[in-house]
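Asker: To start, I am sharing the structure in question, which I have written as structure tokens.
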Amino acid sequence: MEKLCFEVSRRPQILGLSEEQLRRKIEFFVTKVDLEPENILKRPILLTYSLEKRLVPRHCVAKVLEAKGLMKKGAGFCTVVAHGEDDFLAR
């Protein structure tokens with residue numbers, strides 16, 4: 001509970017998300033990205049990103065790059081979405 005309170009204090013925008021938004025994002029992370037719930041809790045900033053504008057598009061790009069062997073080793077989903085737009089496009 002203490003960790004959750006700490007993370008919410010660091011990212012108060014999480015409190016502005018509806019239950020439905022949280023549910024959709026968590027479902028995406030678990031079913032499409034294969035993230036474990038524990039990994040989502042370790043990176044609560046993931047919950048603040050837009051599903052439609054950031055998470056899904058970058059997941060699709062990462063899958064294509066991975067299939068073509070163009071993705072750097074160790075560059076997981078969390079790394080892909082963490083970069084700003086300009087940095088992401090430059091990579």
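FYI, nothing fancy with the structure tokens labels: chains A, B, ... in order, residues from 1 per chain, ligands from 1 as they appear.
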Excluding His59 in chain A and residues on its chain fewer than 5 positions from it, collect all residues at most 9 Å away from it, counting only C-alpha atoms, and give them as JSON, numbers by chain.
Answerer: {"A": [32, 33, 54, 64, 77, 80, 81]}
Asker: Next, the residues of the selection above should be written as a short mmCIF file (atom, residue, chain, number, x, y, z; two decimals), in the first residue's frame with C-alpha atoms.
Answerer:
data_model
loop_
_atom_site.label_atom_id
_atom_site.label_comp_id
_atom_site.auth_asym_id
_atom_site.auth_seq_id
_atom_site.Cartn_x
_atom_site.Cartn_y
_atom_site.Cartn_z
CA LYS A 32 -1.17 -8.08 -26.16
CA VAL A 33 2.17 -7.11 -24.68
CA ARG A 54 1.07 5.94 -27.94
CA VAL A 64 7.22 -5.16 -37.15
CA PHE A 77 8.05 -2.67 -24.63
CA VAL A 80 9.92 1.58 -26.56
CA VAL A 81 7.08 3.58 -25.01
#
Asker: Which of range 50-81 of chain A end up as alpha helix (DSSP H) when DSSP is run on this backbone - answer as an mmCIF file with N, CA and C atoms, in the first residue's frame?
Answerer:
data_model
loop_
_atom_site.group_PDB
_atom_site.id
_atom_site.type_symbol
_atom_site.label_atom_id
_atom_site.label_comp_id
_atom_site.auth_asym_id
_atom_site.auth_seq_id
_atom_site.Cartn_x
_atom_site.Cartn_y
_atom_site.Cartn_z
ATOM 1 N N VAL A 56 -0.628 1.486 -28.361
ATOM 2 C CA VAL A 56 -0.943 0.553 -29.455
ATOM 3 C C VAL A 56 -0.063 0.815 -30.679
ATOM 4 N N PRO A 57 0.076 2.077 -31.135
ATOM 5 C CA PRO A 57 0.926 2.299 -32.313
ATOM 6 C C PRO A 57 2.373 1.849 -32.107
ATOM 7 N N ARG A 58 2.929 2.139 -30.951
ATOM 8 C CA ARG A 58 4.324 1.753 -30.714
ATOM 9 C C ARG A 58 4.470 0.244 -30.569
ATOM 10 N N HIS A 59 3.468 -0.387 -30.013
ATOM 11 C CA HIS A 59 3.503 -1.848 -29.921
ATOM 12 C C HIS A 59 3.518 -2.454 -31.324
ATOM 13 N N CYS A 60 2.709 -1.911 -32.222
ATOM 14 C CA CYS A 60 2.660 -2.403 -33.608
ATOM 15 C C CYS A 60 3.993 -2.188 -34.312
ATOM 16 N N VAL A 61 4.580 -1.012 -34.152
ATOM 17 C CA VAL A 61 5.879 -0.726 -34.771
ATOM 18 C C VAL A 61 6.943 -1.660 -34.208
ATOM 19 N N ALA A 62 6.942 -1.862 -32.904
ATOM 20 C CA ALA A 62 7.927 -2.744 -32.273
ATOM 21 C C ALA A 62 7.800 -4.168 -32.795
ATOM 22 N N LYS A 63 6.583 -4.634 -32.996
ATOM 23 C CA LYS A 63 6.368 -5.989 -33.516
ATOM 24 C C LYS A 63 6.930 -6.130 -34.929
ATOM 25 N N VAL A 64 6.705 -5.128 -35.774
ATOM 26 C CA VAL A 64 7.223 -5.159 -37.149
ATOM 27 C C VAL A 64 8.750 -5.141 -37.132
ATOM 28 N N LEU A 65 9.335 -4.248 -36.341
ATOM 29 C CA LEU A 65 10.793 -4.168 -36.260
ATOM 30 C C LEU A 65 11.395 -5.461 -35.722
ATOM 31 N N GLU A 66 10.734 -6.027 -34.739
ATOM 32 C CA GLU A 66 11.178 -7.292 -34.156
ATOM 33 C C GLU A 66 11.147 -8.405 -35.200
ATOM 34 N N ALA A 67 10.078 -8.470 -35.978
ATOM 35 C CA ALA A 67 9.928 -9.498 -37.009
ATOM 36 C C ALA A 67 10.996 -9.365 -38.094
ATOM 37 N N PHE A 77 9.184 -3.565 -24.400
ATOM 38 C CA PHE A 77 8.052 -2.669 -24.626
ATOM 39 C C PHE A 77 8.158 -1.410 -23.770
ATOM 40 N N CYS A 78 8.535 -1.567 -22.526
ATOM 41 C CA CYS A 78 8.618 -0.407 -21.625
ATOM 42 C C CYS A 78 9.634 0.606 -22.137
ATOM 43 N N THR A 79 10.721 0.126 -22.700
ATOM 44 C CA THR A 79 11.735 1.008 -23.272
ATOM 45 C C THR A 79 11.191 1.728 -24.495
ATOM 46 N N VAL A 80 10.467 1.011 -25.328
ATOM 47 C CA VAL A 80 9.915 1.579 -26.563
ATOM 48 C C VAL A 80 8.941 2.710 -26.258
ATOM 49 N N VAL A 81 8.082 2.539 -25.287
ATOM 50 C CA VAL A 81 7.081 3.576 -25.005
ATOM 51 C C VAL A 81 7.620 4.704 -24.135
#
Asker: Please provide as a list in words all residues within 10 Å of Gly16 in chain A, with the sequence filter that same-chain residues fewer than 4 positions apart are discarded (counting only C-alpha atoms).
Answerer: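 What passes the distance filter is Pro12, Gln21 and Thr48 of chain A.
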Asker: So how far away is CA of Glu52 in chain A from CA of Gly76 in chain A, in Å?
Answerer: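 CA of Glu52 in chain A lies at a distance of 19.2 Å from CA of Gly76 in chain A.
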Asker: Using only C-alpha atoms, can you tell me which of A:Ala82, A:Leu55, A:Ile45, A:Ile14 comes closest to Phe28 in chain A?
Answerer: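 Distance minimum relative to Phe28 in chain A lands on A:Leu55.
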Asker: Work out how far CA of Glu20 in chain A is from CA of His83 in chain A, in Å to one decimal.
Answerer: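 The value is 25.5 Å.
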Asker: Ranking A:Phe6, A:Glu38, A:Leu47, A:Asp87 by minimum distance to Arg23 in chain A and counting only C-alpha atoms, which one comes first?
Answerer: A:Leu47
Asker: Report the distance between CA of Met71 in chain A and CA of Asp34 in chain A in Å, rounded to one decimal place.
Answerer: 17.4 Å
